[in-house]
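For reference, protein04.csv (CSV, C-alpha atoms):
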```
chain,number,residue,atom,x,y,z
A,204,MET,CA,-6.6,-82.9,-31.3
A,205,ASP,CA,-3.6,-84.7,-32.8
A,206,LYS,CA,-0.7,-85.3,-30.3
A,207,SER,CA,1.8,-83.8,-32.8
A,208,VAL,CA,-0.1,-80.5,-32.6
A,209,ILE,CA,-0.1,-80.6,-28.8
A,210,PHE,CA,3.6,-81.3,-28.8
A,211,HIS,CA,4.3,-78.1,-30.8
A,212,ARG,CA,1.9,-76.2,-28.5
A,213,PHE,CA,3.9,-77.1,-25.4
A,214,LYS,CA,7.3,-76.5,-27.1
A,215,SER,CA,6.1,-73.0,-28.2
A,216,PHE,CA,4.6,-72.3,-24.8
A,217,ALA,CA,7.9,-73.1,-23.1
A,218,VAL,CA,10.0,-70.9,-25.3
A,219,ASN,CA,7.7,-68.0,-26.3
A,220,GLU,CA,5.7,-67.5,-23.1
A,221,CYS,CA,7.4,-69.1,-20.1
A,222,ARG,CA,11.1,-68.4,-20.8
A,223,GLY,CA,12.2,-65.5,-18.6
A,224,SER,CA,8.9,-65.5,-16.8
A,225,SER,CA,8.3,-69.0,-15.2
A,226,ASN,CA,11.2,-71.3,-14.8
A,227,LEU,CA,8.8,-74.0,-13.4
A,228,TYR,CA,6.4,-73.9,-16.4
A,229,GLU,CA,9.2,-73.7,-18.9
A,230,ILE,CA,10.8,-76.9,-17.6
A,231,LEU,CA,7.4,-78.7,-17.2
A,232,SER,CA,6.3,-77.6,-20.7
A,233,GLU,CA,9.5,-78.8,-22.3
A,234,ARG,CA,9.2,-82.2,-20.6
A,235,THR,CA,5.5,-82.6,-21.1
A,236,ALA,CA,6.0,-82.1,-24.9
A,237,GLU,CA,8.2,-85.2,-24.8
A,238,ASP,CA,5.9,-87.4,-22.8
A,239,GLU,CA,3.4,-89.6,-24.7
A,240,GLY,CA,1.2,-90.2,-21.7
A,241,LEU,CA,0.8,-86.5,-20.8
A,242,LEU,CA,0.2,-85.6,-24.5
A,243,GLU,CA,-2.5,-88.3,-24.5
A,244,LEU,CA,-4.0,-86.8,-21.3
A,245,CYS,CA,-4.1,-83.4,-23.0
A,246,THR,CA,-6.2,-84.7,-25.9
A,247,ASN,CA,-9.1,-84.4,-23.5
A,248,SER,CA,-8.9,-80.6,-23.6
A,249,GLN,CA,-11.9,-78.6,-24.9
A,250,GLY,CA,-11.5,-77.5,-28.6
A,251,GLY,CA,-10.2,-74.0,-29.2
A,252,GLN,CA,-8.5,-73.7,-25.8
A,253,PRO,CA,-4.8,-72.9,-25.3
A,254,ILE,CA,-3.9,-76.4,-24.1
A,255,PRO,CA,-0.7,-75.7,-22.0
A,256,ASN,CA,-2.5,-73.0,-20.0
A,257,LEU,CA,-5.5,-75.3,-19.5
A,258,PHE,CA,-3.5,-78.3,-18.5
A,259,PHE,CA,-1.2,-76.5,-16.1
A,260,GLY,CA,-4.2,-74.5,-14.8
A,261,ALA,CA,-6.1,-77.8,-14.1
A,262,VAL,CA,-3.1,-79.2,-12.1
A,263,HIS,CA,-2.6,-76.0,-10.2
A,264,PHE,CA,-6.4,-75.8,-9.5
A,265,LEU,CA,-6.4,-79.2,-7.9
A,266,LEU,CA,-3.3,-78.4,-5.8
A,267,LEU,CA,-4.9,-75.2,-4.6
A,268,LYS,CA,-8.0,-77.1,-3.6
A,269,GLY,CA,-5.9,-79.2,-1.3
A,270,THR,CA,-5.2,-82.3,-3.3
A,271,SER,CA,-2.5,-84.1,-1.3
A,272,HIS,CA,0.7,-84.7,-3.3
A,273,HIS,CA,4.4,-83.8,-3.0
A,274,LEU,CA,4.0,-81.8,-6.3
A,275,LYS,CA,2.7,-78.9,-4.3
A,276,ASN,CA,6.2,-78.3,-2.8
A,277,PHE,CA,7.4,-76.9,-6.2
A,278,TYR,CA,4.6,-74.3,-6.3
A,279,GLY,CA,5.5,-70.8,-5.0
A,280,SER,CA,1.7,-70.1,-4.8
A,281,ILE,CA,1.5,-72.8,-2.1
A,282,THR,CA,4.8,-72.9,-0.3
A,283,ASP,CA,7.2,-70.0,0.7
A,284,THR,CA,10.2,-72.2,-0.2
A,285,PRO,CA,9.5,-74.1,-3.4
A,286,GLU,CA,11.9,-76.9,-4.3
A,287,ASN,CA,14.2,-76.9,-7.4
A,288,PRO,CA,12.0,-77.0,-10.5
A,289,ASN,CA,14.5,-79.2,-12.3
A,290,GLN,CA,13.4,-82.0,-10.0
A,291,CYS,CA,9.6,-81.5,-10.5
A,292,PHE,CA,8.7,-83.4,-13.6
A,293,PRO,CA,8.6,-87.0,-12.1
A,294,TYR,CA,6.2,-85.6,-9.5
A,295,LEU,CA,4.0,-84.0,-12.1
A,296,LYS,CA,3.8,-87.4,-14.0
A,297,ASP,CA,2.9,-89.2,-10.8
A,298,PHE,CA,0.2,-86.6,-9.9
A,299,CYS,CA,-1.3,-86.9,-13.4
A,300,LYS,CA,-1.3,-90.7,-13.2
A,301,LYS,CA,-3.1,-90.6,-9.8
A,302,TYR,CA,-5.6,-87.8,-10.6
A,303,SER,CA,-6.1,-88.1,-14.3
A,304,ASP,CA,-9.9,-88.3,-14.0
A,305,GLU,CA,-10.0,-85.1,-12.0
A,306,ILE,CA,-7.7,-83.3,-14.4
A,307,ILE,CA,-9.8,-84.4,-17.4
A,308,THR,CA,-13.0,-83.2,-15.6
A,309,VAL,CA,-11.4,-79.7,-15.0
A,310,MET,CA,-10.1,-79.5,-18.6
A,311,GLN,CA,-13.5,-80.3,-20.0
A,312,ARG,CA,-15.5,-78.0,-17.8
A,313,LYS,CA,-13.2,-74.9,-17.5
A,314,LEU,CA,-12.1,-72.3,-20.0
A,315,VAL,CA,-8.8,-70.3,-20.0
A,316,GLN,CA,-10.1,-66.9,-18.7
A,317,THR,CA,-7.1,-65.2,-17.3
A,318,ASN,CA,-8.1,-61.9,-15.7
A,319,GLU,CA,-4.7,-60.2,-16.2
A,320,VAL,CA,-5.3,-56.9,-14.5
A,321,ARG,CA,-1.9,-55.5,-15.4
A,322,ARG,CA,-2.9,-55.5,-19.1
A,323,CYS,CA,-4.8,-52.3,-18.1
A,324,SER,CA,-1.3,-50.7,-18.2
A,325,TYR,CA,-1.8,-50.4,-22.0
A,326,LEU,CA,-5.6,-50.1,-22.0
A,327,TYR,CA,-5.3,-46.9,-20.0
A,328,PRO,CA,-3.2,-45.0,-22.6
A,329,SER,CA,-5.3,-46.5,-25.5
A,330,PHE,CA,-8.5,-45.3,-24.0
A,331,CYS,CA,-6.9,-41.9,-23.3
A,332,PHE,CA,-6.1,-41.7,-27.0
A,333,ALA,CA,-9.7,-42.6,-27.9
A,334,TYR,CA,-11.1,-40.0,-25.6
A,335,GLU,CA,-8.9,-37.3,-27.0
A,336,LYS,CA,-10.2,-38.1,-30.5
A,337,VAL,CA,-13.9,-37.9,-29.6
A,338,GLN,CA,-14.3,-35.9,-26.4
A,339,LYS,CA,-17.2,-38.2,-25.4
A,340,PRO,CA,-17.8,-40.6,-22.6
A,341,LEU,CA,-16.7,-44.1,-23.4
A,342,ALA,CA,-19.1,-47.0,-23.6
A,343,LEU,CA,-17.1,-50.1,-22.9
A,344,ILE,CA,-17.8,-53.5,-24.4
A,345,GLU,CA,-15.3,-56.3,-23.5
A,346,ILE,CA,-15.5,-59.6,-25.3
A,347,GLY,CA,-14.1,-62.5,-23.2
A,348,THR,CA,-14.5,-60.5,-20.0
A,349,SER,CA,-14.4,-63.4,-17.6
A,350,ALA,CA,-15.0,-61.6,-14.2
A,351,GLY,CA,-14.8,-58.1,-15.8
A,352,LEU,CA,-11.8,-56.8,-13.9
A,353,GLN,CA,-10.4,-55.0,-17.0
A,354,LEU,CA,-13.8,-53.2,-17.4
A,355,LEU,CA,-12.8,-51.3,-14.2
A,356,TRP,CA,-9.5,-49.9,-15.7
A,357,ASP,CA,-10.6,-46.3,-14.9
A,358,LYS,CA,-10.8,-47.1,-11.2
A,359,TYR,CA,-7.1,-48.1,-11.0
A,360,SER,CA,-4.0,-46.0,-10.7
A,361,TYR,CA,-1.0,-46.2,-13.0
A,362,THR,CA,2.7,-45.5,-13.0
A,363,TYR,CA,5.2,-45.9,-15.9
A,364,LYS,CA,8.7,-45.9,-14.4
A,365,THR,CA,8.4,-42.2,-13.4
A,366,ASP,CA,7.1,-40.3,-10.3
A,367,ASP,CA,3.9,-39.4,-12.1
A,368,VAL,CA,0.7,-41.2,-11.1
A,369,TYR,CA,-2.3,-41.4,-13.5
A,370,GLY,CA,-5.9,-42.5,-13.1
A,371,ASN,CA,-7.5,-42.9,-9.7
A,372,ASN,CA,-4.9,-41.9,-7.1
A,373,ASP,CA,-6.9,-43.3,-4.3
A,374,SER,CA,-7.3,-46.8,-5.8
A,375,ILE,CA,-6.3,-49.9,-3.9
A,376,VAL,CA,-5.2,-51.3,-7.3
A,377,GLN,CA,-1.9,-49.8,-8.4
A,378,ILE,CA,-0.6,-50.9,-11.8
A,379,ASN,CA,3.1,-50.5,-12.7
A,380,GLY,CA,3.8,-50.7,-16.4
A,381,GLU,CA,6.8,-49.9,-18.6
A,382,VAL,CA,6.8,-48.3,-22.0
A,383,GLU,CA,9.6,-49.7,-24.1
A,384,GLY,CA,11.1,-48.1,-27.2
A,385,ARG,CA,11.0,-44.5,-28.3
A,386,GLY,CA,7.3,-43.7,-28.4
A,387,PHE,CA,5.5,-42.6,-25.2
A,388,PRO,CA,1.7,-42.2,-25.0
A,389,LEU,CA,-0.2,-39.0,-24.0
A,390,LEU,CA,-1.6,-39.9,-20.6
A,391,ARG,CA,-4.4,-38.0,-18.9
A,392,LYS,CA,-3.8,-37.3,-15.3
A,393,ASN,CA,-7.4,-38.4,-14.5
A,394,SER,CA,-9.2,-41.2,-16.2
A,395,PRO,CA,-11.5,-40.4,-19.2
A,396,PRO,CA,-15.2,-40.6,-18.3
A,397,VAL,CA,-17.0,-44.0,-18.8
A,398,ALA,CA,-20.6,-44.0,-19.8
A,399,SER,CA,-21.2,-47.8,-19.4
A,400,ARG,CA,-19.5,-51.1,-18.9
A,401,THR,CA,-20.6,-54.3,-20.5
A,402,GLY,CA,-18.7,-57.6,-20.5
A,403,ILE,CA,-19.6,-60.7,-22.5
A,404,ASP,CA,-18.2,-64.2,-22.1
A,405,LEU,CA,-19.2,-67.8,-22.9
A,406,HIS,CA,-18.9,-68.4,-19.1
A,407,VAL,CA,-18.9,-65.4,-16.8
A,408,SER,CA,-16.7,-66.0,-13.8
A,409,ASP,CA,-18.5,-65.2,-10.5
A,410,LEU,CA,-16.0,-63.8,-8.0
A,411,ASN,CA,-18.4,-64.7,-5.2
A,412,ASP,CA,-18.3,-68.3,-6.2
A,413,PRO,CA,-15.3,-70.0,-4.4
A,414,ASP,CA,-14.8,-72.4,-7.3
A,415,ASP,CA,-14.7,-69.7,-10.0
A,416,PHE,CA,-12.4,-67.5,-7.8
A,417,LEU,CA,-10.0,-70.4,-7.2
A,418,TRP,CA,-9.9,-71.3,-10.9
A,419,LEU,CA,-8.9,-67.7,-11.8
A,420,LYS,CA,-6.2,-67.9,-9.2
A,421,ALA,CA,-5.0,-71.2,-10.7
A,422,LEU,CA,-4.5,-69.6,-14.1
A,423,ILE,CA,-1.9,-67.3,-12.5
A,424,TRP,CA,1.5,-68.9,-12.8
A,425,PRO,CA,2.9,-70.2,-9.5
A,426,GLU,CA,5.9,-67.9,-9.2
A,427,HIS,CA,3.9,-64.8,-10.0
A,428,ASN,CA,3.1,-63.5,-6.5
A,429,ASP,CA,2.7,-59.9,-7.7
A,430,ARG,CA,0.0,-61.0,-10.2
A,431,ARG,CA,-1.8,-62.9,-7.6
A,432,GLU,CA,-1.8,-59.9,-5.2
A,433,LEU,CA,-3.0,-57.6,-8.0
A,434,PHE,CA,-5.8,-60.0,-8.9
A,435,GLU,CA,-7.0,-60.3,-5.3
A,436,ARG,CA,-7.1,-56.5,-4.9
A,437,ALA,CA,-9.0,-56.0,-8.2
A,438,ALA,CA,-11.4,-58.8,-7.3
A,439,ASN,CA,-12.1,-57.2,-3.9
A,440,TYR,CA,-12.8,-53.9,-5.8
A,441,ALA,CA,-15.0,-55.6,-8.4
A,442,THR,CA,-17.3,-57.3,-5.9
A,443,ARG,CA,-18.1,-53.8,-4.6
A,444,ASN,CA,-18.9,-52.4,-8.1
A,445,HIS,CA,-21.9,-53.3,-10.3
A,446,LEU,CA,-20.8,-54.7,-13.7
A,447,ASN,CA,-23.2,-55.7,-16.5
A,448,LEU,CA,-21.8,-59.1,-17.4
A,449,ILE,CA,-23.6,-61.2,-20.0
A,450,GLU,CA,-23.1,-64.9,-20.7
A,451,GLY,CA,-23.1,-65.8,-24.4
A,452,ASP,CA,-21.3,-65.4,-27.7
A,453,GLY,CA,-19.8,-61.9,-27.8
A,454,VAL,CA,-19.8,-61.7,-31.6
A,455,ALA,CA,-23.5,-62.7,-31.9
A,456,LEU,CA,-24.7,-60.5,-29.1
A,457,LEU,CA,-22.8,-57.4,-30.1
A,458,PRO,CA,-25.5,-55.8,-32.4
A,459,GLU,CA,-28.2,-56.0,-29.7
A,460,ILE,CA,-25.9,-54.6,-27.0
A,461,ILE,CA,-25.0,-51.6,-29.3
A,462,LYS,CA,-28.7,-50.7,-29.6
A,463,GLU,CA,-28.9,-50.0,-25.8
A,464,ILE,CA,-25.9,-47.6,-25.8
A,465,PRO,CA,-26.8,-43.9,-25.7
A,466,LYS,CA,-25.9,-41.9,-28.9
A,467,ASP,CA,-23.9,-39.3,-26.9
A,468,SER,CA,-21.1,-41.8,-26.1
A,469,ALA,CA,-18.4,-43.4,-28.1
A,470,ILE,CA,-18.3,-47.2,-28.4
A,471,ILE,CA,-15.2,-49.1,-27.5
A,472,VAL,CA,-15.1,-52.8,-28.2
A,473,PHE,CA,-12.0,-54.4,-26.8
A,474,HIS,CA,-10.5,-57.8,-26.1
A,475,THR,CA,-7.0,-58.9,-25.0
A,476,HIS,CA,-5.5,-62.4,-25.6
A,477,VAL,CA,-8.9,-63.8,-26.5
A,478,ALA,CA,-9.3,-63.7,-30.3
A,479,ASN,CA,-6.9,-66.7,-30.7
A,480,GLN,CA,-9.9,-68.7,-29.4
A,481,PHE,CA,-12.2,-67.4,-32.2
A,482,SER,CA,-12.9,-69.2,-35.4
A,483,ASN,CA,-11.8,-67.4,-38.6
A,484,GLN,CA,-15.5,-67.0,-39.4
A,485,ASP,CA,-16.2,-65.3,-36.0
A,486,LYS,CA,-13.2,-63.0,-36.5
A,487,LEU,CA,-14.4,-61.8,-39.9
A,488,MET,CA,-18.0,-61.5,-38.6
A,489,LEU,CA,-16.8,-59.3,-35.7
A,490,LEU,CA,-14.8,-57.0,-38.0
A,491,GLU,CA,-17.8,-56.7,-40.2
A,492,GLU,CA,-20.2,-55.9,-37.3
A,493,ILE,CA,-17.8,-53.2,-36.1
A,494,ARG,CA,-17.4,-51.8,-39.6
A,495,ASN,CA,-21.1,-51.5,-39.9
A,496,MET,CA,-21.3,-49.8,-36.5
A,497,GLY,CA,-18.7,-47.3,-37.6
A,498,LYS,CA,-20.9,-46.2,-40.4
A,499,GLU,CA,-23.5,-45.0,-37.9
A,500,ARG,CA,-21.5,-43.7,-34.9
A,501,ASP,CA,-18.0,-43.2,-33.4
A,502,THR,CA,-16.6,-46.7,-32.8
A,503,PHE,CA,-13.2,-48.0,-31.6
A,504,HIS,CA,-11.9,-51.6,-31.7
A,505,LEU,CA,-8.9,-52.4,-29.6
A,506,TYR,CA,-7.5,-56.0,-29.8
A,507,ASN,CA,-4.6,-58.4,-30.1
A,508,ASN,CA,-4.1,-62.1,-31.0
A,509,MET,CA,-6.6,-61.8,-33.8
A,510,TRP,CA,-4.2,-62.2,-36.7
A,511,ASP,CA,-0.9,-61.6,-34.9
A,512,GLY,CA,0.4,-60.7,-31.5
A,513,GLU,CA,0.4,-57.0,-31.9
A,514,LEU,CA,-2.0,-54.6,-30.3
A,515,HIS,CA,-4.3,-53.1,-33.0
A,516,LEU,CA,-6.7,-50.1,-32.8
A,517,ASP,CA,-9.2,-49.7,-35.6
A,518,TYR,CA,-11.6,-46.7,-35.3
A,519,TYR,CA,-14.3,-45.0,-37.2
A,520,LEU,CA,-15.0,-41.3,-36.8
A,521,ASP,CA,-17.7,-39.6,-38.9
A,522,GLY,CA,-17.9,-42.8,-40.9
A,523,ASN,CA,-14.2,-42.7,-41.9
A,524,GLU,CA,-12.1,-45.8,-41.1
A,525,HIS,CA,-8.6,-45.6,-39.5
A,526,ASN,CA,-6.3,-48.6,-38.8
A,527,PHE,CA,-3.3,-48.5,-36.6
A,528,ILE,CA,-0.9,-50.8,-34.8
A,529,VAL,CA,-0.5,-49.5,-31.2
A,530,GLY,CA,2.6,-51.6,-30.5
A,531,GLU,CA,3.8,-54.9,-29.0
A,532,THR,CA,2.6,-56.0,-25.6
A,533,ASP,CA,3.9,-58.4,-22.9
A,534,SER,CA,1.2,-61.1,-22.4
A,535,HIS,CA,1.0,-60.2,-18.7
A,536,GLY,CA,1.1,-56.4,-19.2
A,537,ARG,CA,4.5,-55.8,-17.8
A,538,TRP,CA,5.6,-53.7,-20.8
A,539,PHE,CA,4.4,-52.4,-24.1
A,540,THR,CA,5.6,-50.3,-27.0
A,541,TRP,CA,3.7,-47.3,-28.3
A,542,ASN,CA,3.5,-46.3,-32.0
A,543,LEU,CA,0.5,-43.9,-32.0
```
So that I can check it, write out the structure of this file as structure tokens.
Amino acid sequence: MDKSVIFHRFKSFAVNECRGSSNLYEILSERTAEDEGLLELCTNSQGGQPIPNLFFGAVHFLLLKGTSHHLKNFYGSITDTPENPNQCFPYLKDFCKKYSDEIITVMQRKLVQTNEVRRCSYLYPSFCFAYEKVQKPLALIEIGTSAGLQLLWDKYSYTYKTDDVYGNNDSIVQINGEVEGRGFPLLRKNSPPVASRTGIDLHVSDLNDPDDFLWLKALIWPEHNDRRELFERAANYATRNHLNLIEGDGVALLPEIIKEIPKDSAIIVFHTHVANQFSNQDKLMLLEEIRNMGKERDTFHLYNNMWDGELHLDYYLDGNEHNFIVGETDSHGRWFTWNL
């Protein structure tokens, strides 16, 4: 990829994603964008991947594995008293100079597969909405599932800045979300019934594999201790539940998976912050496949980052198509708006 494109990726990442969320990554992203050597290093990234996430994830991964360097002293995931992030960039440059081969290896072998469990804060009301429409058990199909933690959304408990608790009150995974704006969703006290759970990914992350587990932790930003704790709780839960996780192209495999789903359930295809890695051809093919499914049975499609950043819900009931924008969402699930 051309370095000028990578430059703009880091500039956008700093302002649109890191600002107000990760001071360390905002500073490093701004400085990386201005550094010819680091931009050249990032040209080794796999095609179609969000390069800043992949690059910073690779560095974080090597540090978590125990690579010895002063850089680790700036990471809240490694030390309880991280140093001033304004002083970090020279150490990042030195780390990348010393361990460039290792960084390239990680960037060429790994995919950005953030299992952001807190995104379930907006999946829960979305699936409650779907269930109210059909009154049928929900057959879940997640594209870009990674380790499948979002497939277990009905096993978690939820609060939305009130005293009310929804979902599974006994869950070890408690998700706190915030609904911004005027709209507020209809929330079922108990989770809607789930008929089946299927996850598809080009590379399924195995939580029992220490390397895969550590990579998923490395994708969590260093200051975000609450995200790390939530991930570890959900991972502990997932290893005790059977999930049908399939390795392959989600768009291509979808028709065969649908054939196995009982007719007395409603299909829900969903994916969050994944479609930006699809080609335009795959996006159009996916929409066409879901439209064809909707002619035969009740089908829902919940997604964002397809054409824009908003959360969309397309659904087909009795062959009739409906298209709505659910609202805006924070990339880490801290807040969302509700338009339905």
>> Using only C-alpha atoms, list the residues that have an atom at most 12 Å from (-15.1, -60.2, -36.0), coordinates as in the file, as an MDAnalysis selection string.
In response: chainID A and resid 346 452:458 472:474 477:495 504:506 509:510
Go ahead and write the residues just picked, C-alpha atoms, as a tab-separated table (two decimals), keeping the file's coordinate frame.
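This went into out29.tsv:
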```tsv
chain	number	residue	atom	x	y	z
A	346	ILE	CA	-15.50	-59.60	-25.30
A	452	ASP	CA	-21.30	-65.40	-27.70
A	453	GLY	CA	-19.80	-61.90	-27.80
A	454	VAL	CA	-19.80	-61.70	-31.60
A	455	ALA	CA	-23.50	-62.70	-31.90
A	456	LEU	CA	-24.70	-60.50	-29.10
A	457	LEU	CA	-22.80	-57.40	-30.10
A	458	PRO	CA	-25.50	-55.80	-32.40
A	472	VAL	CA	-15.10	-52.80	-28.20
A	473	PHE	CA	-12.00	-54.40	-26.80
A	474	HIS	CA	-10.50	-57.80	-26.10
A	477	VAL	CA	-8.90	-63.80	-26.50
A	478	ALA	CA	-9.30	-63.70	-30.30
A	479	ASN	CA	-6.90	-66.70	-30.70
A	480	GLN	CA	-9.90	-68.70	-29.40
A	481	PHE	CA	-12.20	-67.40	-32.20
A	482	SER	CA	-12.90	-69.20	-35.40
A	483	ASN	CA	-11.80	-67.40	-38.60
A	484	GLN	CA	-15.50	-67.00	-39.40
A	485	ASP	CA	-16.20	-65.30	-36.00
A	486	LYS	CA	-13.20	-63.00	-36.50
A	487	LEU	CA	-14.40	-61.80	-39.90
A	488	MET	CA	-18.00	-61.50	-38.60
A	489	LEU	CA	-16.80	-59.30	-35.70
A	490	LEU	CA	-14.80	-57.00	-38.00
A	491	GLU	CA	-17.80	-56.70	-40.20
A	492	GLU	CA	-20.20	-55.90	-37.30
A	493	ILE	CA	-17.80	-53.20	-36.10
A	494	ARG	CA	-17.40	-51.80	-39.60
A	495	ASN	CA	-21.10	-51.50	-39.90
A	504	HIS	CA	-11.90	-51.60	-31.70
A	505	LEU	CA	-8.90	-52.40	-29.60
A	506	TYR	CA	-7.50	-56.00	-29.80
A	509	MET	CA	-6.60	-61.80	-33.80
A	510	TRP	CA	-4.20	-62.20	-36.70
```
Go through region 415-490 of chain A and flag each residue having an atom no more than 9 Å from region 520-541 of chain A; for those, report the closest pair of atoms plus their distance in Å to one decimal, using only C-alpha atoms, ordered by chain and rising number, as JSON lines.
```
{"residue": "A:Arg430", "atom": "CA", "partner": "A:His535", "partner_atom": "CA", "distance": 8.6}
{"residue": "A:Thr475", "atom": "CA", "partner": "A:Ser534", "partner_atom": "CA", "distance": 8.9}
{"residue": "A:His476", "atom": "CA", "partner": "A:Ser534", "partner_atom": "CA", "distance": 7.5}
```
>> So, with all atoms listed in the file as the atoms that count, which of A:Asp511, A:Lys358, A:Asp429, A:Ile470 lies closest to Asn444 (chain A)?
In response: A:Lys358
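When CA of Gln249 (chain A) is paired with CA of Met310 (chain A), their separation reads 6.6 Å.
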>> Using Å and a single decimal, report how far CA of Ile375 (chain A) sits from CA of Leu433 (chain A).
In response: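 The value is 9.3 Å.
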The residues within 10 Å of (-4.1, -84.6, -13.5), using only C-alpha atoms and the coordinates of the file, should be reported as a JSON list (two decimals) with C-alpha atoms, in the frame of the given file; which are they?
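Output file point.json follows:
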```
[["chain", "number", "residue", "atom", "x", "y", "z"],
["A", 241, "LEU", "CA", 0.80, -86.50, -20.80],
["A", 244, "LEU", "CA", -4.00, -86.80, -21.30],
["A", 245, "CYS", "CA", -4.10, -83.40, -23.00],
["A", 258, "PHE", "CA", -3.50, -78.30, -18.50],
["A", 259, "PHE", "CA", -1.20, -76.50, -16.10],
["A", 261, "ALA", "CA", -6.10, -77.80, -14.10],
["A", 262, "VAL", "CA", -3.10, -79.20, -12.10],
["A", 263, "HIS", "CA", -2.60, -76.00, -10.20],
["A", 264, "PHE", "CA", -6.40, -75.80, -9.50],
["A", 265, "LEU", "CA", -6.40, -79.20, -7.90],
["A", 266, "LEU", "CA", -3.30, -78.40, -5.80],
["A", 295, "LEU", "CA", 4.00, -84.00, -12.10],
["A", 296, "LYS", "CA", 3.80, -87.40, -14.00],
["A", 297, "ASP", "CA", 2.90, -89.20, -10.80],
["A", 298, "PHE", "CA", 0.20, -86.60, -9.90],
["A", 299, "CYS", "CA", -1.30, -86.90, -13.40],
["A", 300, "LYS", "CA", -1.30, -90.70, -13.20],
["A", 301, "LYS", "CA", -3.10, -90.60, -9.80],
["A", 302, "TYR", "CA", -5.60, -87.80, -10.60],
["A", 303, "SER", "CA", -6.10, -88.10, -14.30],
["A", 304, "ASP", "CA", -9.90, -88.30, -14.00],
["A", 305, "GLU", "CA", -10.00, -85.10, -12.00],
["A", 306, "ILE", "CA", -7.70, -83.30, -14.40],
["A", 307, "ILE", "CA", -9.80, -84.40, -17.40],
["A", 308, "THR", "CA", -13.00, -83.20, -15.60],
["A", 309, "VAL", "CA", -11.40, -79.70, -15.00],
["A", 310, "MET", "CA", -10.10, -79.50, -18.60]]
```
